[in-house]
file model07.txt (compact mmCIF, C-alpha atoms)
# COMPACT_ATOMS: atom_id res chain seq x y z
CA MET A 1 120.37 43.55 126.17
CA SER A 2 118.76 46.61 124.58
CA ASP A 3 117.58 46.56 120.97
CA ALA A 4 120.25 49.11 120.07
CA VAL A 5 123.02 46.94 121.51
CA GLN A 6 121.75 43.85 119.65
CA GLN A 7 121.56 45.87 116.44
CA LEU A 8 125.06 47.28 117.05
CA GLU A 9 126.43 43.73 117.27
CA THR A 10 124.61 42.77 114.05
CA VAL A 11 126.04 45.77 112.18
CA LYS A 12 129.57 45.03 113.44
CA ALA A 13 129.25 41.40 112.31
CA ARG A 14 128.05 42.47 108.88
CA ILE A 15 130.93 44.93 108.50
CA ALA A 16 133.37 42.14 109.43
CA ALA A 17 131.75 39.83 106.85
CA ALA A 18 131.92 42.57 104.19
CA GLU A 19 135.61 43.10 104.97
CA ARG A 20 136.28 39.38 104.48
CA GLU A 21 134.25 39.31 101.27
CA ALA A 22 136.26 42.24 99.88
CA ASP A 23 139.61 40.74 100.98
CA ARG A 24 140.18 43.68 103.31
CA THR A 25 142.04 43.58 106.61
CA ALA A 26 139.83 42.77 109.59
CA GLY A 27 139.06 46.00 111.43
CA ALA A 28 139.95 48.20 108.44
CA VAL A 29 136.55 49.91 108.57
CA THR A 30 135.53 52.16 111.48
CA LEU A 31 131.88 52.14 112.49
CA VAL A 32 130.56 55.65 113.18
CA ALA A 33 127.31 55.17 115.14
CA VAL A 34 125.05 58.07 114.15
CA SER A 35 123.32 59.24 117.32
CA LYS A 36 121.72 62.45 116.02
CA THR A 37 118.27 63.20 117.52
CA PHE A 38 118.73 60.52 120.20
CA GLU A 39 118.96 61.50 123.85
CA ALA A 40 121.88 60.55 126.09
CA ASP A 41 119.81 57.78 127.73
CA ALA A 42 119.40 56.04 124.36
CA ILE A 43 123.15 56.30 123.66
CA ARG A 44 124.45 55.06 127.02
CA PRO A 45 123.73 51.33 126.42
CA VAL A 46 125.68 51.50 123.15
CA LEU A 47 128.57 53.21 124.93
CA ALA A 48 128.42 50.61 127.70
CA ALA A 49 128.68 47.89 125.01
CA GLY A 50 132.02 49.36 123.93
CA GLN A 51 131.15 51.58 120.95
CA ARG A 52 133.26 54.74 121.09
CA VAL A 53 132.91 56.47 117.68
CA PHE A 54 129.75 58.51 117.10
CA GLY A 55 128.38 60.95 114.54
CA GLU A 56 126.21 64.02 115.11
CA ASN A 57 124.56 66.36 112.61
CA ARG A 58 124.26 69.57 114.61
CA VAL A 59 126.77 71.37 116.78
CA GLN A 60 124.16 72.67 119.21
CA GLU A 61 122.50 69.28 119.74
CA ALA A 62 125.88 67.61 120.32
CA GLN A 63 126.83 70.29 122.85
CA GLY A 64 123.76 69.36 124.87
CA LYS A 65 124.68 65.72 125.46
CA TRP A 66 128.29 64.83 124.69
CA PRO A 67 130.28 66.77 127.32
CA ALA A 68 128.49 64.81 130.08
CA LEU A 69 128.79 61.49 128.22
CA ARG A 70 132.54 62.08 127.79
CA GLN A 71 132.81 62.41 131.58
CA GLU A 72 131.16 59.00 131.99
CA PHE A 73 132.86 57.12 129.15
CA PRO A 74 136.54 57.67 128.25
CA GLY A 75 137.93 57.51 124.74
CA ILE A 76 134.97 58.85 122.76
CA GLU A 77 135.65 60.06 119.19
CA LEU A 78 132.96 62.45 117.98
CA HIS A 79 132.38 63.18 114.28
CA LEU A 80 130.45 66.13 112.86
CA ILE A 81 128.65 64.71 109.82
CA GLY A 82 126.11 67.50 109.19
CA PRO A 83 126.62 70.83 107.40
CA LEU A 84 128.78 73.30 109.31
CA GLN A 85 127.85 76.98 109.42
CA SER A 86 130.85 79.30 109.58
CA ASN A 87 129.52 80.95 112.77
CA LYS A 88 129.68 77.54 114.50
CA ALA A 89 133.34 76.87 113.66
CA LYS A 90 134.53 77.84 117.14
CA GLU A 91 132.15 75.40 118.89
CA ALA A 92 132.80 72.67 116.32
CA VAL A 93 136.59 72.78 116.80
CA ALA A 94 136.15 72.72 120.58
CA LEU A 95 133.75 69.76 120.62
CA PHE A 96 134.46 67.45 117.68
CA ASP A 97 137.42 65.15 117.04
CA VAL A 98 136.59 64.80 113.33
CA ILE A 99 134.77 67.31 111.07
CA GLU A 100 133.61 65.55 107.89
CA THR A 101 131.80 68.42 106.17
CA VAL A 102 134.38 70.96 105.00
CA ASP A 103 132.92 72.06 101.66
CA ARG A 104 133.68 75.73 100.93
CA GLU A 105 136.33 78.39 101.24
CA LYS A 106 134.66 80.29 104.09
CA ILE A 107 134.45 77.16 106.27
CA ALA A 108 138.10 76.32 105.55
CA SER A 109 139.13 79.85 106.52
CA GLU A 110 137.09 79.87 109.77
CA LEU A 111 138.34 76.42 110.78
CA ALA A 112 141.95 77.48 110.17
CA LYS A 113 141.46 80.51 112.44
CA GLU A 114 139.87 78.46 115.22
CA ILE A 115 142.45 75.67 115.03
CA ALA A 116 145.21 78.28 115.43
CA ARG A 117 143.32 80.04 118.23
CA GLN A 118 142.40 76.93 120.23
CA GLY A 119 145.50 74.86 119.57
CA LYS A 120 143.20 71.90 118.88
CA ALA A 121 143.22 70.24 115.49
CA PRO A 122 140.27 67.97 114.67
CA LYS A 123 140.75 65.64 111.72
CA LEU A 124 139.16 67.14 108.61
CA TYR A 125 137.33 65.63 105.63
CA VAL A 126 136.03 67.40 102.53
CA GLN A 127 132.40 66.62 101.71
CA VAL A 128 131.81 65.96 98.01
CA ASN A 129 128.33 66.32 96.47
CA THR A 130 128.81 63.32 94.17
CA GLY A 131 125.27 63.61 92.75
CA SER A 132 125.53 67.40 92.18
CA GLU A 133 122.23 67.78 94.06
CA PRO A 134 121.33 71.47 94.48
CA GLN A 135 119.72 70.96 97.90
CA LYS A 136 122.69 69.06 99.34
CA ALA A 137 125.90 70.32 100.94
CA GLY A 138 129.27 69.38 99.51
CA ILE A 139 131.67 70.60 96.87
CA GLU A 140 131.15 69.66 93.21
CA PRO A 141 133.22 66.62 92.15
CA LYS A 142 135.00 68.63 89.42
CA ASP A 143 136.24 71.09 92.06
CA ALA A 144 137.09 68.63 94.83
CA VAL A 145 140.77 67.93 94.10
CA ALA A 146 141.63 71.62 93.67
CA PHE A 147 139.71 72.47 96.86
CA VAL A 148 141.66 69.91 98.89
CA ALA A 149 144.87 71.47 97.55
CA ARG A 150 143.66 74.97 98.51
CA CYS A 151 142.76 73.79 102.01
CA ARG A 152 146.34 72.57 102.38
CA ASP A 153 148.24 75.32 100.60
CA VAL A 154 146.18 78.42 101.43
CA HIS A 155 144.67 77.54 104.81
CA ASP A 156 147.31 75.10 106.09
CA LEU A 157 144.64 72.51 106.87
CA ALA A 158 145.55 68.82 106.95
CA ILE A 159 142.72 67.16 105.02
CA GLU A 160 142.59 63.48 105.91
CA GLY A 161 139.73 62.20 103.77
CA LEU A 162 136.62 62.69 101.65
CA MET A 163 132.96 62.11 102.55
CA CYS A 164 129.82 61.72 100.45
CA ILE A 165 126.08 61.10 100.74
CA PRO A 166 124.85 59.59 97.44
CA PRO A 167 121.40 60.55 96.11
CA ALA A 168 118.77 58.46 97.91
CA GLU A 169 117.15 57.16 94.73
CA GLU A 170 120.33 56.16 92.89
CA ASN A 171 122.62 53.13 93.02
CA PRO A 172 125.33 54.26 95.46
CA GLY A 173 128.08 52.15 93.85
CA PRO A 174 129.12 54.68 91.18
CA HIS A 175 129.16 57.44 93.80
CA PHE A 176 131.43 55.39 96.06
CA ALA A 177 133.70 54.64 93.09
CA LEU A 178 133.85 58.35 92.21
CA LEU A 179 134.77 59.31 95.79
CA GLU A 180 137.54 56.69 95.85
CA LYS A 181 138.92 58.04 92.54
CA LEU A 182 138.84 61.65 93.78
CA ALA A 183 140.59 60.64 97.01
CA ARG A 184 143.42 59.04 95.04
CA GLU A 185 143.76 62.15 92.85
CA ALA A 186 143.71 64.45 95.89
CA GLY A 187 146.20 62.32 97.81
CA VAL A 188 143.97 61.61 100.81
CA GLU A 189 143.60 58.21 102.45
CA LYS A 190 140.27 58.15 104.28
CA LEU A 191 136.83 57.58 102.75
CA SER A 192 133.69 58.22 104.82
CA MET A 193 130.87 56.64 102.85
CA GLY A 194 128.01 54.22 103.36
CA MET A 195 124.99 54.48 105.65
CA SER A 196 122.41 52.08 107.08
CA GLY A 197 121.12 50.94 103.69
CA ASP A 198 124.40 50.50 101.83
CA TYR A 199 127.33 50.24 104.26
CA GLU A 200 128.33 46.74 103.14
CA LEU A 201 128.62 47.95 99.55
CA ALA A 202 130.69 50.91 100.77
CA VAL A 203 133.11 48.48 102.45
CA ALA A 204 133.56 46.73 99.09
CA PHE A 205 134.38 50.10 97.46
CA GLY A 206 137.07 50.94 100.01
CA ALA A 207 135.31 52.88 102.78
CA SER A 208 137.52 53.53 105.80
CA SER A 209 134.46 54.49 107.87
CA VAL A 210 130.71 53.94 107.55
CA ARG A 211 128.04 56.11 109.19
CA VAL A 212 125.23 53.92 110.54
CA GLY A 213 122.30 55.34 112.49
CA SER A 214 118.85 53.78 112.01
CA ALA A 215 120.24 50.23 111.68
CA ILE A 216 121.54 50.63 115.26
CA PHE A 217 119.22 53.07 117.03
CA GLY A 218 116.04 52.52 114.99
CA HIS A 219 114.08 55.17 113.13
CA ARG A 220 113.62 58.56 114.69
call {"tool": "encode", "arguments": {"input": "model07.txt", "output": "structure tokens"}}
result
Amino acid sequence: MSDAVQQLETVKARIAAAEREADRTAGAVTLVAVSKTFEADAIRPVLAAGQRVFGENRVQEAQGKWPALRQEFPGIELHLIGPLQSNKAKEAVALFDVIETVDREKIASELAKEIARQGKAPKLYVQVNTGSEPQKAGIEPKDAVAFVARCRDVHDLAIEGLMCIPPAEENPGPHFALLEKLAREAGVEKLSMGMSGDYELAVAFGASSVRVGSAIFGHR
């Protein structure tokens, strides 16, 4: 068994334990295995072990490996979890099943055009910059609820959830609590939050999916 497969099993067991601890339904939390920067050969053992939900940061990198992997392994669900440039909206809609990083009007507009043009509707999440970090993508928390409403009413986009990446040096708990509050106010059900260092805490705060990379694949 490869290291990645052993680590995958450990992560899944810890998610299951965190669900029990938080009195949540078994299987309520989806594991998104973050495969960015890893080649197809590193991902195949994890696919062979049954993992089917993966996250990638860059459209171009994902284009280079996932079409072939989809041919080999049925039922893959691919999430875009990195910032989306408006000029990549066409490729993103074609390739990804879930786009978690809708964070500004121009992206919403371009996605709406491509969804209409391609007749393919990936699930969409709004990324919230819960720490208001200037270098980080995501909409400001104070604008998030109104932006979700604009995505629906102006662009006819079905927003399914919210996503956040808390500041690295801060306790993530308050950021997870803020995202859950904003989701309730915006009327969306899904919460993408929690990474390798804090995914169990995210489960306790109501995450519907956690994005785990280095705890499965190792450090890049």
call {"tool": "closest_residue", "arguments": {"input": "model07.txt", "among": "A:Pro83, A:Pro67, A:Gly55, A:Pro122", "to": "Met195 (chain A)", "atoms": "all atoms listed in the file"}}
result
A:Gly55
call {"tool": "closest_residue", "arguments": {"input": "model07.txt", "among": "A:Lys65, A:Arg44, A:Arg52, A:Lys90", "to": "Arg117 (chain A)", "atoms": "only C-alpha atoms"}}
result
A:Lys90
call {"tool": "axis_aligned_box", "arguments": {"input": "model07.txt", "around": "region 80-90 of chain A", "padding_each_side": "8 Å", "output": "AutoDock Vina command-line options"}}
result
--center_x 130.3 --center_y 72.8 --center_z 112.3 --size_x 24.4 --size_y 32.2 --size_z 25.7
call {"tool": "residues_near_point", "arguments": {"input": "model07.txt", "point": "(132.2, 70.3, 90.4)", "cutoff": "9 Å", "atoms": "all atoms listed in the file", "output": "list in words"}}
result
Val128, Asn129, Thr130, Ser132, Ile139, Glu140, Pro141, Lys142, Asp143 and Ala144 of chain A
call {"tool": "write_last_selection", "arguments": {"input": "model07.txt", "atoms": "C-alpha atoms", "output": "JSON list (two decimals), keeping the file's coordinate frame"}}
result
[["chain", "number", "residue", "atom", "x", "y", "z"],
["A", 128, "VAL", "CA", 131.81, 65.96, 98.01],
["A", 129, "ASN", "CA", 128.33, 66.32, 96.47],
["A", 130, "THR", "CA", 128.81, 63.32, 94.17],
["A", 132, "SER", "CA", 125.53, 67.40, 92.18],
["A", 139, "ILE", "CA", 131.67, 70.60, 96.87],
["A", 140, "GLU", "CA", 131.15, 69.66, 93.21],
["A", 141, "PRO", "CA", 133.22, 66.62, 92.15],
["A", 142, "LYS", "CA", 135.00, 68.63, 89.42],
["A", 143, "ASP", "CA", 136.24, 71.09, 92.06],
["A", 144, "ALA", "CA", 137.09, 68.63, 94.83]]
call {"tool": "residues_around", "arguments": {"input": "model07.txt", "residues": "region 92-107 of chain A", "least_positions_apart": "4", "cutoff": "8 Å", "atoms": "all atoms listed in the file", "output": "number ranges by chain"}}
result
A: 59, 63, 77-86, 88, 111, 114-115, 118, 120-128, 137-139, 147, 151, 162-163, 192
call {"tool": "closest_residue", "arguments": {"input": "model07.txt", "among": "A:Ala186, A:Ala89, A:Ala116, A:Ala202", "to": "Arg152 (chain A)", "atoms": "all atoms listed in the file"}}
result
A:Ala186
call {"tool": "closest_residue", "arguments": {"input": "model07.txt", "among": "A:Pro167, A:Arg184, A:Leu47, A:Arg211", "to": "Gln135 (chain A)", "atoms": "only C-alpha atoms"}}
result
A:Pro167
call {"tool": "atom_distance", "arguments": {"input": "model07.txt", "atom1": "CA of Phe54 (chain A)", "atom2": "CA of Val34 (chain A)"}}
result
5.6 Å
call {"tool": "atom_distance", "arguments": {"input": "model07.txt", "atom1": "CA of Phe217 (chain A)", "atom2": "CA of Ser2 (chain A)"}}
result
9.9 Å
call {"tool": "atom_distance", "arguments": {"input": "model07.txt", "atom1": "CA of Ala207 (chain A)", "atom2": "CA of Pro134 (chain A)"}}
result
24.7 Å
call {"tool": "residues_near_point", "arguments": {"input": "model07.txt", "point": "(132.3, 48.4, 104.1)", "cutoff": "10 Å", "atoms": "all atoms listed in the file", "output": "PyMOL selection string"}}
result
chain A and resi 14-22+24+28-31+192-195+198-210
call {"tool": "closest_atom_pairs", "arguments": {"input": "model07.txt", "of": "region 50-115 of chain A", "to": "region 36-40 of chain A", "cutoff": "8 Å", "atoms": "only C-alpha atoms", "output": "tab-separated table"}}
result
residue	atom	partner	partner_atom	distance
A:Gly55	CA	A:Lys36	CA	7.0
A:Glu56	CA	A:Lys36	CA	4.8
A:Asn57	CA	A:Lys36	CA	5.9
A:Arg58	CA	A:Lys36	CA	7.7
A:Glu61	CA	A:Thr37	CA	7.7
A:Ala62	CA	A:Lys36	CA	7.9
A:Lys65	CA	A:Ala40	CA	5.9
A:Trp66	CA	A:Ala40	CA	7.8
A:Leu69	CA	A:Ala40	CA	7.3
call {"tool": "residues_around", "arguments": {"input": "model07.txt", "residues": "Gly161 (chain A)", "least_positions_apart": "4", "cutoff": "6 Å", "atoms": "all atoms listed in the file", "output": "PyMOL selection string"}}
result
chain A and resi 125+188-191
call {"tool": "build_atoms", "arguments": {"input": "model07.txt", "residues": "region 131-160 of chain A", "atoms": "N, CA and C atoms", "output": "tab-separated table (two decimals), in the frame of the given file"}}
result
chain	number	residue	atom	x	y	z
A	131	GLY	N	126.43	63.59	93.65
A	131	GLY	CA	125.27	63.61	92.75
A	131	GLY	C	124.94	65.00	92.23
A	132	SER	N	125.77	66.00	92.57
A	132	SER	CA	125.53	67.40	92.18
A	132	SER	C	124.08	67.82	92.47
A	133	GLU	N	123.60	67.45	93.67
A	133	GLU	CA	122.23	67.78	94.06
A	133	GLU	C	122.18	69.20	94.62
A	134	PRO	N	121.32	70.07	94.05
A	134	PRO	CA	121.33	71.47	94.48
A	134	PRO	C	120.97	71.68	95.95
A	135	GLN	N	120.15	70.78	96.51
A	135	GLN	CA	119.72	70.96	97.90
A	135	GLN	C	120.72	70.40	98.91
A	136	LYS	N	121.78	69.78	98.44
A	136	LYS	CA	122.69	69.06	99.34
A	136	LYS	C	124.03	69.79	99.48
A	137	ALA	N	124.57	69.74	100.68
A	137	ALA	CA	125.90	70.32	100.94
A	137	ALA	C	126.97	69.51	100.22
A	138	GLY	N	128.16	70.08	100.13
A	138	GLY	CA	129.27	69.38	99.51
A	138	GLY	C	129.78	70.10	98.28
A	139	ILE	N	131.07	69.95	98.03
A	139	ILE	CA	131.67	70.60	96.87
A	139	ILE	C	131.44	69.75	95.62
A	140	GLU	N	131.35	70.39	94.47
A	140	GLU	CA	131.15	69.66	93.21
A	140	GLU	C	132.36	68.74	92.95
A	141	PRO	N	132.11	67.55	92.41
A	141	PRO	CA	133.22	66.62	92.15
A	141	PRO	C	134.34	67.23	91.31
A	142	LYS	N	133.97	68.05	90.31
A	142	LYS	CA	135.00	68.63	89.42
A	142	LYS	C	135.92	69.61	90.16
A	143	ASP	N	135.45	70.11	91.30
A	143	ASP	CA	136.24	71.09	92.06
A	143	ASP	C	136.94	70.50	93.28
A	144	ALA	N	136.67	69.22	93.55
A	144	ALA	CA	137.09	68.63	94.83
A	144	ALA	C	138.61	68.57	94.99
A	145	VAL	N	139.32	68.11	93.98
A	145	VAL	CA	140.77	67.93	94.10
A	145	VAL	C	141.46	69.27	94.29
A	146	ALA	N	141.04	70.28	93.53
A	146	ALA	CA	141.63	71.62	93.67
A	146	ALA	C	141.30	72.22	95.03
A	147	PHE	N	140.09	71.94	95.54
A	147	PHE	CA	139.71	72.47	96.86
A	147	PHE	C	140.54	71.85	97.97
A	148	VAL	N	140.78	70.56	97.90
A	148	VAL	CA	141.66	69.91	98.89
A	148	VAL	C	143.04	70.58	98.87
A	149	ALA	N	143.55	70.82	97.67
A	149	ALA	CA	144.87	71.47	97.55
A	149	ALA	C	144.85	72.87	98.15
A	150	ARG	N	143.76	73.62	97.94
A	150	ARG	CA	143.66	74.97	98.51
A	150	ARG	C	143.58	74.91	100.04
A	151	CYS	N	142.84	73.95	100.55
A	151	CYS	CA	142.76	73.79	102.01
A	151	CYS	C	144.16	73.61	102.60
A	152	ARG	N	144.97	72.83	101.91
A	152	ARG	CA	146.34	72.57	102.38
A	152	ARG	C	147.24	73.80	102.19
A	153	ASP	N	147.23	74.32	100.97
A	153	ASP	CA	148.24	75.32	100.60
A	153	ASP	C	147.89	76.73	101.08
A	154	VAL	N	146.61	77.07	101.06
A	154	VAL	CA	146.18	78.42	101.43
A	154	VAL	C	145.86	78.50	102.93
A	155	HIS	N	145.16	77.48	103.42
A	155	HIS	CA	144.67	77.54	104.81
A	155	HIS	C	145.48	76.68	105.78
A	156	ASP	N	146.45	75.95	105.25
A	156	ASP	CA	147.31	75.10	106.09
A	156	ASP	C	146.51	74.07	106.88
A	157	LEU	N	145.48	73.53	106.24
A	157	LEU	CA	144.64	72.51	106.87
A	157	LEU	C	145.07	71.12	106.39
A	158	ALA	N	145.21	70.20	107.31
A	158	ALA	CA	145.55	68.82	106.95
A	158	ALA	C	144.26	68.06	106.66
A	159	ILE	N	143.93	67.91	105.39
A	159	ILE	CA	142.72	67.16	105.02
A	159	ILE	C	143.05	65.68	104.99
A	160	GLU	N	142.29	64.92	105.76
A	160	GLU	CA	142.59	63.48	105.91
A	160	GLU	C	141.78	62.61	104.96
